[in-house]
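Report on the structure given below.
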Amino acid sequence: MPESAWDPAEYERFRDERQAPFFDLLALVRSRPRMRVLDLGCGTGELTSVLHRRLEAAETLGIDRSDTMLARSAAFAAPGLRFVRRDIEDVAGAERFDLVFSNAALQWVPGHEALLAALTRDLAPGGQMAVQMPANWDHPSHSVAAEVAGEAPFRDALGGWRRPARPVLAPEEYAALLHRLGYATQHVRLQVYGHVLGSADDVVEWMRGSLLTAYRERLPAAGYEEFLARYRERLGARLGEARPYFFTYKRVLLWAERPA
């Protein structure tokens, strides 16, 4: 995802709700002395700092491709904790880590079989992988965006581009993949998070900070505003006028450990 599309203020509007899966994922990690940790898609660095402190890691490297997100990471830099602008795809093979951690980032990277295989090669013996990814692609919040993208004038403006229908694999596919990659122990689950929002329109605001960034980056400013207006109208008709609105959000959480 190009860096210009991300707005930290929009992303953090639902800060508490977005952080809950991070802490659930962190709870799966087995802390070891003097760990070297890689955080893929570290964003502003706030949660990377929590990760670093909770694990009492010797070294933690947070990477992200968004300059606007990383601009905030300087406030969290500390001895042993650093942040670098880098694409996730460019990390594999560079260094060895005791933990590869990623919270809500790998869904932006295609080809998960090859990606997880490459990241596995970055793990030291006994190393762990812990990943959380949104898996809500069949919810109207996501499917309506794809519908609008397929209509005029957005279809032409986007050059026919749409988000993949299912960028995240099914949980059982990740379990089988981790087995093929030789992990000795694993935990994979699909978890539904329920968020009580003020109204269905808050779902639009949620998506503006994540899913819709892909469309904002690819459309001219006026075109994106038109896209957003049509999306808001279509999604509102689909979700109704309930106040409050109960927003169900599915996520895949996986953890695995290599043999020592």
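Each chain in the structure tokens gets a letter, A, B and so on, in the order shown; residues start at 1 in every chain, and ligands are counted from 1 in the order they appear.
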
Which of stretch 75-260 of chain A end up as helix (DSSP H, G or I) when DSSP is run on this backbone - answer as a PyMOL selection string? chain A and resi 75-76+88-90+106-108+112-121+140-149+154-157+171-180+201-208+213-218+221-239

Quick one: residues within 9 Å of A:Thr248, only C-alpha atoms counted, chain neighbours fewer than 3 positions away excluded, as a ChimeraX atom specification? /A:136,139,192-196

What's around A:Ala256 at 8 Å? Count only C-alpha atoms, leave out sequence neighbours fewer than 6 positions away in its own chain, and write the answer as a PyMOL selection string. chain A and resi 128-130+178+183-187

Export of the given selection (N, CA and C atoms) as a PDB file, in the first residue's frame:
ATOM      1  N   GLN A 128       9.664 -18.234  16.406  1.00  0.00           N
ATOM      2  CA  GLN A 128       8.200 -18.207  16.363  1.00  0.00           C
ATOM      3  C   GLN A 128       7.695 -17.228  15.301  1.00  0.00           C
ATOM      4  N   MET A 129       6.539 -17.546  14.752  1.00  0.00           N
ATOM      5  CA  MET A 129       5.817 -16.635  13.872  1.00  0.00           C
ATOM      6  C   MET A 129       4.455 -16.365  14.479  1.00  0.00           C
ATOM      7  N   ALA A 130       4.058 -15.110  14.546  1.00  0.00           N
ATOM      8  CA  ALA A 130       2.754 -14.728  15.092  1.00  0.00           C
ATOM      9  C   ALA A 130       2.148 -13.681  14.163  1.00  0.00           C
ATOM     10  N   LEU A 178       1.470 -24.190   7.527  1.00  0.00           N
ATOM     11  CA  LEU A 178       2.457 -24.200   8.610  1.00  0.00           C
ATOM     12  C   LEU A 178       3.015 -25.600   8.829  1.00  0.00           C
ATOM     13  N   TYR A 183       6.743 -26.468  10.970  1.00  0.00           N
ATOM     14  CA  TYR A 183       6.580 -25.970  12.335  1.00  0.00           C
ATOM     15  C   TYR A 183       6.198 -27.122  13.267  1.00  0.00           C
ATOM     16  N   ALA A 184       6.844 -27.155  14.427  1.00  0.00           N
ATOM     17  CA  ALA A 184       6.615 -28.253  15.363  1.00  0.00           C
ATOM     18  C   ALA A 184       5.314 -28.091  16.118  1.00  0.00           C
ATOM     19  N   THR A 185       4.934 -26.851  16.404  1.00  0.00           N
ATOM     20  CA  THR A 185       3.737 -26.540  17.184  1.00  0.00           C
ATOM     21  C   THR A 185       3.037 -25.360  16.529  1.00  0.00           C
ATOM     22  N   GLN A 186       1.713 -25.369  16.549  1.00  0.00           N
ATOM     23  CA  GLN A 186       0.982 -24.254  15.949  1.00  0.00           C
ATOM     24  C   GLN A 186      -0.357 -24.053  16.629  1.00  0.00           C
ATOM     25  N   HIS A 187      -0.878 -22.841  16.460  1.00  0.00           N
ATOM     26  CA  HIS A 187      -2.218 -22.478  16.925  1.00  0.00           C
ATOM     27  C   HIS A 187      -2.793 -21.552  15.863  1.00  0.00           C
TER      28      HIS A 187
END

Looking only at the backbone, which of the residues in stretch 137-217 of chain A does DSSP tag as strand (DSSP E or B), as a PyMOL selection string? chain A and resi 185-197

Report as a VMD selection string all protein, DNA and RNA residues lying within 6 Å of stretch 40-56 of chain A, evaluated on only C-alpha atoms, omitting residues in the same chain fewer than 6 positions from it. chain A and resid 31 62 to 64 69 to 70 72 to 73 102 105

Go ahead and dump the residues you just picked, N, CA and C atoms, as an mmCIF file, in the first residue's frame.
data_model
loop_
_atom_site.group_PDB
_atom_site.id
_atom_site.type_symbol
_atom_site.label_atom_id
_atom_site.label_comp_id
_atom_site.auth_asym_id
_atom_site.auth_seq_id
_atom_site.Cartn_x
_atom_site.Cartn_y
_atom_site.Cartn_z
ATOM 1 N N SER A 31 7.545 -16.002 25.490
ATOM 2 C CA SER A 31 8.669 -15.106 25.736
ATOM 3 C C SER A 31 9.930 -15.914 26.025
ATOM 4 N N GLY A 62 11.031 -2.646 13.729
ATOM 5 C CA GLY A 62 9.719 -2.421 13.144
ATOM 6 C C GLY A 62 9.864 -1.867 11.746
ATOM 7 N N ILE A 63 9.160 -2.466 10.784
ATOM 8 C CA ILE A 63 9.216 -1.960 9.408
ATOM 9 C C ILE A 63 7.819 -1.602 8.927
ATOM 10 N N ASP A 64 7.769 -0.577 8.086
ATOM 11 C CA ASP A 64 6.528 -0.151 7.453
ATOM 12 C C ASP A 64 6.911 0.612 6.196
ATOM 13 N N MET A 69 2.933 7.117 8.612
ATOM 14 C CA MET A 69 2.845 6.322 9.830
ATOM 15 C C MET A 69 4.168 6.352 10.589
ATOM 16 N N LEU A 70 5.264 6.132 9.880
ATOM 17 C CA LEU A 70 6.571 6.069 10.530
ATOM 18 C C LEU A 70 6.999 7.401 11.136
ATOM 19 N N ARG A 72 5.546 9.047 13.170
ATOM 20 C CA ARG A 72 5.211 9.023 14.598
ATOM 21 C C ARG A 72 6.080 8.054 15.390
ATOM 22 N N SER A 73 6.817 7.195 14.693
ATOM 23 C CA SER A 73 7.548 6.146 15.397
ATOM 24 C C SER A 73 8.736 6.679 16.184
ATOM 25 N N SER A 102 3.386 -9.932 13.117
ATOM 26 C CA SER A 102 2.699 -9.003 12.212
ATOM 27 C C SER A 102 1.240 -8.885 12.615
ATOM 28 N N ALA A 105 -1.288 -6.611 8.785
ATOM 29 C CA ALA A 105 -0.489 -6.061 7.693
ATOM 30 C C ALA A 105 -0.357 -7.023 6.518
#
